[in-house]
$ cat start.cif   # mmCIF, N, CA and C atoms
data_upload
#
loop_
_atom_site.label_atom_id
_atom_site.label_comp_id
_atom_site.auth_asym_id
_atom_site.auth_seq_id
_atom_site.Cartn_x
_atom_site.Cartn_y
_atom_site.Cartn_z
N GLN A 1 -6.77 205.57 -30.25
CA GLN A 1 -6.63 204.24 -30.82
C GLN A 1 -5.51 203.48 -30.12
N VAL A 2 -5.78 202.24 -29.81
CA VAL A 2 -4.78 201.37 -29.21
C VAL A 2 -4.69 200.12 -30.07
N GLN A 3 -3.52 199.85 -30.57
CA GLN A 3 -3.31 198.62 -31.32
C GLN A 3 -2.65 197.59 -30.41
N LEU A 4 -3.17 196.38 -30.49
CA LEU A 4 -2.69 195.30 -29.64
C LEU A 4 -2.21 194.14 -30.51
N VAL A 5 -1.07 193.61 -30.18
CA VAL A 5 -0.51 192.49 -30.95
C VAL A 5 -0.15 191.36 -29.99
N GLU A 6 -0.83 190.22 -30.18
CA GLU A 6 -0.56 189.06 -29.33
C GLU A 6 0.51 188.18 -29.95
N SER A 7 1.22 187.47 -29.10
CA SER A 7 2.20 186.48 -29.55
C SER A 7 2.35 185.42 -28.48
N GLY A 8 2.99 184.31 -28.86
CA GLY A 8 3.27 183.28 -27.88
C GLY A 8 2.42 182.04 -27.97
N GLY A 9 1.43 182.04 -28.85
CA GLY A 9 0.59 180.87 -28.98
C GLY A 9 1.34 179.73 -29.65
N GLY A 10 0.70 178.56 -29.68
CA GLY A 10 1.32 177.42 -30.33
C GLY A 10 0.67 176.13 -29.94
N LEU A 11 1.34 175.05 -30.26
CA LEU A 11 0.86 173.69 -29.96
C LEU A 11 1.65 173.13 -28.78
N VAL A 12 0.92 172.61 -27.80
CA VAL A 12 1.58 172.09 -26.61
C VAL A 12 0.81 170.87 -26.14
N GLN A 13 1.50 169.96 -25.49
CA GLN A 13 0.84 168.78 -24.94
C GLN A 13 0.15 169.13 -23.64
N ALA A 14 -0.86 168.35 -23.30
CA ALA A 14 -1.56 168.55 -22.04
C ALA A 14 -0.57 168.50 -20.89
N GLY A 15 -0.75 169.44 -19.96
CA GLY A 15 0.15 169.56 -18.83
C GLY A 15 1.28 170.54 -19.05
N GLY A 16 1.44 170.97 -20.29
CA GLY A 16 2.51 171.90 -20.62
C GLY A 16 2.17 173.34 -20.31
N SER A 17 3.08 174.22 -20.70
CA SER A 17 2.94 175.65 -20.40
C SER A 17 3.19 176.49 -21.64
N LEU A 18 2.55 177.63 -21.67
CA LEU A 18 2.79 178.66 -22.69
C LEU A 18 2.70 180.01 -22.00
N ARG A 19 3.38 180.98 -22.58
CA ARG A 19 3.24 182.35 -22.09
C ARG A 19 2.85 183.23 -23.26
N LEU A 20 1.70 183.85 -23.13
CA LEU A 20 1.22 184.78 -24.15
C LEU A 20 1.63 186.19 -23.79
N SER A 21 1.91 186.96 -24.82
CA SER A 21 2.31 188.35 -24.64
C SER A 21 1.42 189.24 -25.50
N CYS A 22 1.07 190.38 -24.97
CA CYS A 22 0.26 191.37 -25.70
C CYS A 22 1.00 192.69 -25.65
N ALA A 23 1.43 193.16 -26.81
CA ALA A 23 2.15 194.42 -26.89
C ALA A 23 1.21 195.51 -27.38
N ALA A 24 1.16 196.61 -26.64
CA ALA A 24 0.29 197.73 -27.00
C ALA A 24 1.09 198.81 -27.73
N SER A 25 0.41 199.51 -28.63
CA SER A 25 1.07 200.55 -29.43
C SER A 25 1.26 201.85 -28.66
N THR A 26 0.57 201.98 -27.54
CA THR A 26 0.68 203.18 -26.72
C THR A 26 0.92 202.79 -25.26
N SER A 27 1.15 203.78 -24.46
CA SER A 27 1.35 203.52 -23.04
C SER A 27 0.10 202.91 -22.43
N ILE A 28 0.29 201.87 -21.64
CA ILE A 28 -0.85 201.24 -20.97
C ILE A 28 -0.97 201.69 -19.52
N PHE A 29 -0.13 202.64 -19.14
CA PHE A 29 -0.09 203.05 -17.74
C PHE A 29 -1.46 203.49 -17.24
N SER A 30 -2.19 204.21 -18.09
CA SER A 30 -3.47 204.75 -17.65
C SER A 30 -4.67 203.92 -18.08
N ILE A 31 -4.41 202.79 -18.75
CA ILE A 31 -5.51 201.94 -19.17
C ILE A 31 -5.98 201.14 -17.96
N PHE A 32 -7.22 201.38 -17.56
CA PHE A 32 -7.68 200.83 -16.30
C PHE A 32 -7.71 199.30 -16.29
N VAL A 33 -8.30 198.74 -17.33
CA VAL A 33 -8.42 197.28 -17.38
C VAL A 33 -7.86 196.73 -18.68
N MET A 34 -7.00 195.75 -18.55
CA MET A 34 -6.55 194.99 -19.70
C MET A 34 -6.80 193.52 -19.40
N GLY A 35 -7.04 192.76 -20.45
CA GLY A 35 -7.36 191.38 -20.17
C GLY A 35 -7.16 190.45 -21.34
N TRP A 36 -7.42 189.19 -21.06
CA TRP A 36 -7.34 188.12 -22.05
C TRP A 36 -8.69 187.42 -22.14
N TYR A 37 -9.10 187.16 -23.36
CA TYR A 37 -10.31 186.43 -23.64
C TYR A 37 -9.95 185.30 -24.60
N ARG A 38 -10.84 184.33 -24.72
CA ARG A 38 -10.58 183.25 -25.66
C ARG A 38 -11.89 182.81 -26.33
N GLN A 39 -11.73 182.26 -27.52
CA GLN A 39 -12.88 181.77 -28.26
C GLN A 39 -12.53 180.44 -28.90
N ALA A 40 -13.24 179.42 -28.49
CA ALA A 40 -13.06 178.08 -29.07
C ALA A 40 -14.03 177.91 -30.23
N PRO A 41 -13.74 177.02 -31.15
CA PRO A 41 -14.63 176.81 -32.30
C PRO A 41 -16.05 176.51 -31.86
N GLY A 42 -17.00 177.23 -32.44
CA GLY A 42 -18.40 177.00 -32.14
C GLY A 42 -18.87 177.56 -30.82
N LYS A 43 -18.00 178.27 -30.11
CA LYS A 43 -18.37 178.81 -28.80
C LYS A 43 -18.22 180.33 -28.80
N GLN A 44 -18.87 180.95 -27.82
CA GLN A 44 -18.76 182.39 -27.67
C GLN A 44 -17.42 182.76 -27.04
N ARG A 45 -17.00 184.00 -27.29
CA ARG A 45 -15.79 184.50 -26.66
C ARG A 45 -16.03 184.61 -25.17
N GLU A 46 -15.06 184.19 -24.38
CA GLU A 46 -15.22 184.22 -22.94
C GLU A 46 -14.00 184.85 -22.27
N LEU A 47 -14.27 185.42 -21.10
CA LEU A 47 -13.20 186.04 -20.33
C LEU A 47 -12.28 184.97 -19.76
N VAL A 48 -10.97 185.23 -19.82
CA VAL A 48 -9.99 184.37 -19.20
C VAL A 48 -9.44 185.03 -17.94
N ALA A 49 -8.94 186.26 -18.10
CA ALA A 49 -8.35 186.97 -16.96
C ALA A 49 -8.27 188.45 -17.27
N THR A 50 -8.41 189.26 -16.23
CA THR A 50 -8.22 190.70 -16.38
C THR A 50 -7.30 191.21 -15.29
N ILE A 51 -6.72 192.38 -15.55
CA ILE A 51 -5.87 193.02 -14.56
C ILE A 51 -6.07 194.52 -14.66
N THR A 52 -6.23 195.17 -13.53
CA THR A 52 -6.43 196.61 -13.51
C THR A 52 -5.09 197.34 -13.43
N SER A 53 -5.16 198.65 -13.58
CA SER A 53 -3.95 199.45 -13.49
C SER A 53 -3.34 199.36 -12.10
N GLY A 54 -4.15 199.03 -11.11
CA GLY A 54 -3.65 198.88 -9.75
C GLY A 54 -3.15 197.48 -9.43
N GLY A 55 -3.26 196.59 -10.41
CA GLY A 55 -2.76 195.24 -10.23
C GLY A 55 -3.77 194.23 -9.72
N ASN A 56 -5.01 194.65 -9.59
CA ASN A 56 -6.05 193.70 -9.17
C ASN A 56 -6.39 192.76 -10.32
N THR A 57 -6.50 191.49 -10.02
CA THR A 57 -6.74 190.48 -11.06
C THR A 57 -8.06 189.76 -10.85
N ASN A 58 -8.56 189.24 -11.97
CA ASN A 58 -9.79 188.47 -11.95
C ASN A 58 -9.62 187.32 -12.95
N TYR A 59 -10.05 186.13 -12.55
CA TYR A 59 -9.87 184.95 -13.40
C TYR A 59 -11.18 184.19 -13.58
N ALA A 60 -11.31 183.58 -14.73
CA ALA A 60 -12.40 182.63 -14.91
C ALA A 60 -12.15 181.44 -14.00
N ASP A 61 -13.22 180.85 -13.49
CA ASP A 61 -13.07 179.72 -12.58
C ASP A 61 -12.27 178.58 -13.22
N SER A 62 -12.43 178.42 -14.51
CA SER A 62 -11.80 177.29 -15.21
C SER A 62 -10.28 177.40 -15.28
N VAL A 63 -9.74 178.59 -15.04
CA VAL A 63 -8.28 178.77 -15.15
C VAL A 63 -7.62 179.15 -13.83
N LYS A 64 -8.43 179.37 -12.79
CA LYS A 64 -7.85 179.76 -11.51
C LYS A 64 -6.85 178.71 -11.02
N GLY A 65 -5.72 179.20 -10.54
CA GLY A 65 -4.68 178.31 -10.05
C GLY A 65 -3.74 177.79 -11.13
N ARG A 66 -4.10 178.02 -12.40
CA ARG A 66 -3.26 177.55 -13.50
C ARG A 66 -2.70 178.71 -14.33
N PHE A 67 -3.48 179.76 -14.49
CA PHE A 67 -3.08 180.90 -15.31
C PHE A 67 -2.75 182.10 -14.42
N THR A 68 -1.81 182.91 -14.86
CA THR A 68 -1.46 184.14 -14.14
C THR A 68 -1.33 185.28 -15.13
N VAL A 69 -2.08 186.35 -14.88
CA VAL A 69 -2.00 187.54 -15.73
C VAL A 69 -1.16 188.60 -15.03
N SER A 70 -0.37 189.31 -15.82
CA SER A 70 0.47 190.37 -15.26
C SER A 70 0.62 191.47 -16.31
N ARG A 71 1.03 192.63 -15.86
CA ARG A 71 1.25 193.72 -16.80
C ARG A 71 2.55 194.43 -16.46
N ASP A 72 3.26 194.85 -17.50
CA ASP A 72 4.50 195.61 -17.36
C ASP A 72 4.26 196.96 -18.03
N ASN A 73 3.90 197.94 -17.22
CA ASN A 73 3.56 199.25 -17.77
C ASN A 73 4.75 199.89 -18.48
N ALA A 74 5.96 199.61 -18.02
CA ALA A 74 7.15 200.21 -18.65
C ALA A 74 7.35 199.69 -20.07
N LYS A 75 6.93 198.44 -20.30
CA LYS A 75 7.09 197.84 -21.62
C LYS A 75 5.79 197.81 -22.40
N ASN A 76 4.73 198.37 -21.84
CA ASN A 76 3.42 198.40 -22.50
C ASN A 76 2.99 197.00 -22.92
N THR A 77 3.14 196.08 -21.98
CA THR A 77 2.90 194.67 -22.26
C THR A 77 2.04 194.03 -21.18
N VAL A 78 1.17 193.14 -21.62
CA VAL A 78 0.38 192.31 -20.71
C VAL A 78 0.71 190.86 -21.02
N LEU A 79 0.95 190.10 -19.98
CA LEU A 79 1.33 188.70 -20.15
C LEU A 79 0.28 187.77 -19.57
N LEU A 80 0.22 186.57 -20.13
CA LEU A 80 -0.63 185.52 -19.58
C LEU A 80 0.21 184.25 -19.51
N GLN A 81 0.60 183.88 -18.30
CA GLN A 81 1.34 182.65 -18.09
C GLN A 81 0.33 181.53 -17.88
N MET A 82 0.42 180.51 -18.73
CA MET A 82 -0.53 179.41 -18.68
C MET A 82 0.21 178.12 -18.35
N ASN A 83 -0.10 177.55 -17.21
CA ASN A 83 0.49 176.29 -16.78
C ASN A 83 -0.58 175.22 -16.67
N GLY A 84 -0.16 173.98 -16.67
CA GLY A 84 -1.13 172.90 -16.54
C GLY A 84 -2.20 172.92 -17.61
N LEU A 85 -1.79 173.17 -18.84
CA LEU A 85 -2.76 173.32 -19.92
C LEU A 85 -3.53 172.04 -20.18
N LYS A 86 -4.81 172.21 -20.52
CA LYS A 86 -5.72 171.11 -20.79
C LYS A 86 -6.25 171.23 -22.22
N PRO A 87 -6.68 170.13 -22.81
CA PRO A 87 -7.24 170.21 -24.17
C PRO A 87 -8.39 171.21 -24.27
N GLU A 88 -9.15 171.37 -23.21
CA GLU A 88 -10.27 172.32 -23.25
C GLU A 88 -9.80 173.78 -23.22
N ASP A 89 -8.52 174.02 -23.05
CA ASP A 89 -7.99 175.38 -23.15
C ASP A 89 -7.71 175.77 -24.61
N THR A 90 -7.88 174.84 -25.52
CA THR A 90 -7.66 175.12 -26.94
C THR A 90 -8.62 176.19 -27.42
N ALA A 91 -8.07 177.25 -27.99
CA ALA A 91 -8.88 178.38 -28.44
C ALA A 91 -7.97 179.42 -29.07
N VAL A 92 -8.60 180.43 -29.67
CA VAL A 92 -7.87 181.63 -30.07
C VAL A 92 -7.95 182.59 -28.88
N TYR A 93 -6.81 183.08 -28.45
CA TYR A 93 -6.72 183.97 -27.30
C TYR A 93 -6.54 185.41 -27.78
N TYR A 94 -7.38 186.29 -27.23
CA TYR A 94 -7.38 187.69 -27.63
C TYR A 94 -7.02 188.58 -26.45
N CYS A 95 -6.25 189.61 -26.74
CA CYS A 95 -5.93 190.63 -25.76
C CYS A 95 -6.96 191.76 -25.90
N ASN A 96 -7.31 192.36 -24.78
CA ASN A 96 -8.30 193.43 -24.78
C ASN A 96 -7.85 194.57 -23.91
N ALA A 97 -8.15 195.80 -24.36
CA ALA A 97 -7.90 196.99 -23.56
C ALA A 97 -9.18 197.81 -23.50
N ALA A 98 -9.62 198.11 -22.30
CA ALA A 98 -10.82 198.93 -22.11
C ALA A 98 -10.37 200.36 -21.81
N VAL A 99 -10.68 201.28 -22.73
CA VAL A 99 -10.27 202.67 -22.61
C VAL A 99 -11.52 203.54 -22.69
N GLY A 100 -11.93 204.05 -21.55
CA GLY A 100 -13.17 204.82 -21.52
C GLY A 100 -14.33 203.96 -21.98
N ARG A 101 -15.03 204.43 -23.01
CA ARG A 101 -16.15 203.68 -23.55
C ARG A 101 -15.72 202.79 -24.71
N SER A 102 -14.44 202.81 -25.03
CA SER A 102 -13.96 202.03 -26.16
C SER A 102 -13.31 200.75 -25.69
N SER A 103 -13.38 199.75 -26.56
CA SER A 103 -12.77 198.45 -26.28
C SER A 103 -11.94 198.05 -27.49
N TYR A 104 -10.68 197.74 -27.25
CA TYR A 104 -9.78 197.41 -28.34
C TYR A 104 -9.36 195.94 -28.23
N TRP A 105 -9.22 195.33 -29.41
CA TRP A 105 -8.87 193.91 -29.47
C TRP A 105 -7.67 193.68 -30.38
N GLY A 106 -6.88 192.67 -30.02
CA GLY A 106 -5.83 192.23 -30.90
C GLY A 106 -6.38 191.25 -31.92
N GLN A 107 -5.51 190.74 -32.76
CA GLN A 107 -5.94 189.85 -33.82
C GLN A 107 -6.07 188.40 -33.34
N GLY A 108 -5.54 188.11 -32.18
CA GLY A 108 -5.65 186.78 -31.60
C GLY A 108 -4.44 185.90 -31.90
N THR A 109 -4.22 184.94 -31.01
CA THR A 109 -3.16 183.96 -31.19
C THR A 109 -3.72 182.58 -30.83
N GLN A 110 -3.43 181.61 -31.67
CA GLN A 110 -3.99 180.28 -31.50
C GLN A 110 -3.21 179.49 -30.46
N VAL A 111 -3.95 178.88 -29.54
CA VAL A 111 -3.38 177.95 -28.57
C VAL A 111 -4.06 176.60 -28.78
N THR A 112 -3.26 175.59 -29.02
CA THR A 112 -3.79 174.24 -29.22
C THR A 112 -3.12 173.30 -28.23
N VAL A 113 -3.94 172.60 -27.46
CA VAL A 113 -3.43 171.67 -26.45
C VAL A 113 -3.83 170.25 -26.85
N SER A 114 -2.85 169.42 -27.08
CA SER A 114 -3.13 168.04 -27.48
C SER A 114 -3.19 167.13 -26.26
N SER A 115 -4.03 166.12 -26.37
CA SER A 115 -4.19 165.19 -25.23
C SER A 115 -3.22 164.02 -25.32
#
$ encode --input "start.cif" --output "structure tokens"
Amino acid sequence: QVQLVESGGGLVQAGGSLRLSCAASTSIFSIFVMGWYRQAPGKQRELVATITSGGNTNYADSVKGRFTVSRDNAKNTVLLQMNGLKPEDTAVYYCNAAVGRSSYWGQGTQVTVSS
């Protein structure tokens, strides 16, 4: 079992920045893929960014060049730095850990971007 707790969400004006943090209850050193997803009202959950244990990253086209995902294995933390935020980035952001055949999710943190 891996428990994930997100923090860092909030209300920001368009063009602003936020940094989301995901703290894991166990060591993430061996977790191959960790990532961030988001779900806007009335829409399906979508991938935002992932990072492998080797540091390889993958981003949704809509956030490339604006968001940066990173992981600190020593602190069991995954971060999402979000710059140049747009109103369409408004959503609940979820942290995810893929462990073998299991997938773990945090409770989510709300990000609201005003125009």
$ resolve_selection --input "start.cif" --expression "the PyMOL selection byres ((chain A and resi 114) around 6)" --output "list in words"
Val12, Gln13, Ala14, Pro87, Thr112, Val113 and Ser115 of chain A
$ residues_around --input "start.cif" --residues "Gln107 of chain A" --least-positions-apart "2" --cutoff "6.5 Å" --atoms "only N, CA and C atoms" --output "PyMOL selection string"
chain A and resi 4-6+93-95+105+109
$ residues_around --input "start.cif" --residues "Leu18 of chain A" --least-positions-apart "6" --cutoff "6 Å" --atoms "all atoms listed in the file" --output "list in words"
Leu80, Gln81, Met82 and Asn83 of chain A
$ write_last_selection --input "start.cif" --atoms "N, CA and C atoms" --output "PDB file, in the coordinates of the input"
ATOM      1  N   LEU A  80       0.220 186.570 -20.130  1.00  0.00           N
ATOM      2  CA  LEU A  80      -0.630 185.520 -19.580  1.00  0.00           C
ATOM      3  C   LEU A  80       0.210 184.250 -19.510  1.00  0.00           C
ATOM      4  N   GLN A  81       0.600 183.880 -18.300  1.00  0.00           N
ATOM      5  CA  GLN A  81       1.340 182.650 -18.090  1.00  0.00           C
ATOM      6  C   GLN A  81       0.330 181.530 -17.880  1.00  0.00           C
ATOM      7  N   MET A  82       0.420 180.510 -18.730  1.00  0.00           N
ATOM      8  CA  MET A  82      -0.530 179.410 -18.680  1.00  0.00           C
ATOM      9  C   MET A  82       0.210 178.120 -18.350  1.00  0.00           C
ATOM     10  N   ASN A  83      -0.100 177.550 -17.210  1.00  0.00           N
ATOM     11  CA  ASN A  83       0.490 176.290 -16.780  1.00  0.00           C
ATOM     12  C   ASN A  83      -0.580 175.220 -16.670  1.00  0.00           C
TER      13      ASN A  83
END
$ closest_residue --input "start.cif" --among "A:Thr90, A:Ile28, A:Gly42, A:Ala49" --to "Asp72 of chain A" --atoms "all atoms listed in the file"
A:Ile28
$ select_by_dssp --input "start.cif" --residues "segment 36-93 of chain A" --states "strand (DSSP E or B)" --output "list in words"
Trp36, Tyr37, Arg38, Gln39, Glu46, Leu47, Val48, Ala49, Thr50, Ile51, Thr52, Thr57, Asn58, Tyr59, Phe67, Thr68, Val69, Ser70, Arg71, Asp72, Thr77, Val78, Leu79, Leu80, Gln81, Met82, Ala91, Val92 and Tyr93 of chain A
$ residues_around --input "start.cif" --residues "Thr50 of chain A" --least-positions-apart "6" --cutoff "8 Å" --atoms "all atoms listed in the file" --output "ChimeraX atom specification"
/A:33-37,56-60,69-70
$ atom_distance --input "start.cif" --atom1 "atom C of Ala23 of chain A" --atom2 "atom CA of Val111 of chain A"
18.2 Å
$ closest_residue --input "start.cif" --among "A:Leu85, A:Gln110, A:Ser102, A:Ala74" --to "Gly16 of chain A" --atoms "all atoms listed in the file"
A:Leu85
$ closest_residue --input "start.cif" --among "A:Ile31, A:Gly9, A:Ser53, A:Arg19" --to "Arg101 of chain A" --atoms "only C-alpha atoms"
A:Ile31
$ atom_distance --input "start.cif" --atom1 "atom N of Gly15 of chain A" --atom2 "atom N of Val92 of chain A"
16.6 Å
$ closest_residue --input "start.cif" --among "A:Gly55, A:Ala40, A:Val48, A:Arg66" --to "Glu88 of chain A" --atoms "all atoms listed in the file"
A:Ala40
$ atom_distance --input "start.cif" --atom1 "atom C of Arg45 of chain A" --atom2 "atom C of Ser21 of chain A"
18.1 Å
$ closest_residue --input "start.cif" --among "A:Ser103, A:Thr77, A:Gln44, A:Ser62" --to "Leu20 of chain A" --atoms "only C-alpha atoms"
A:Thr77
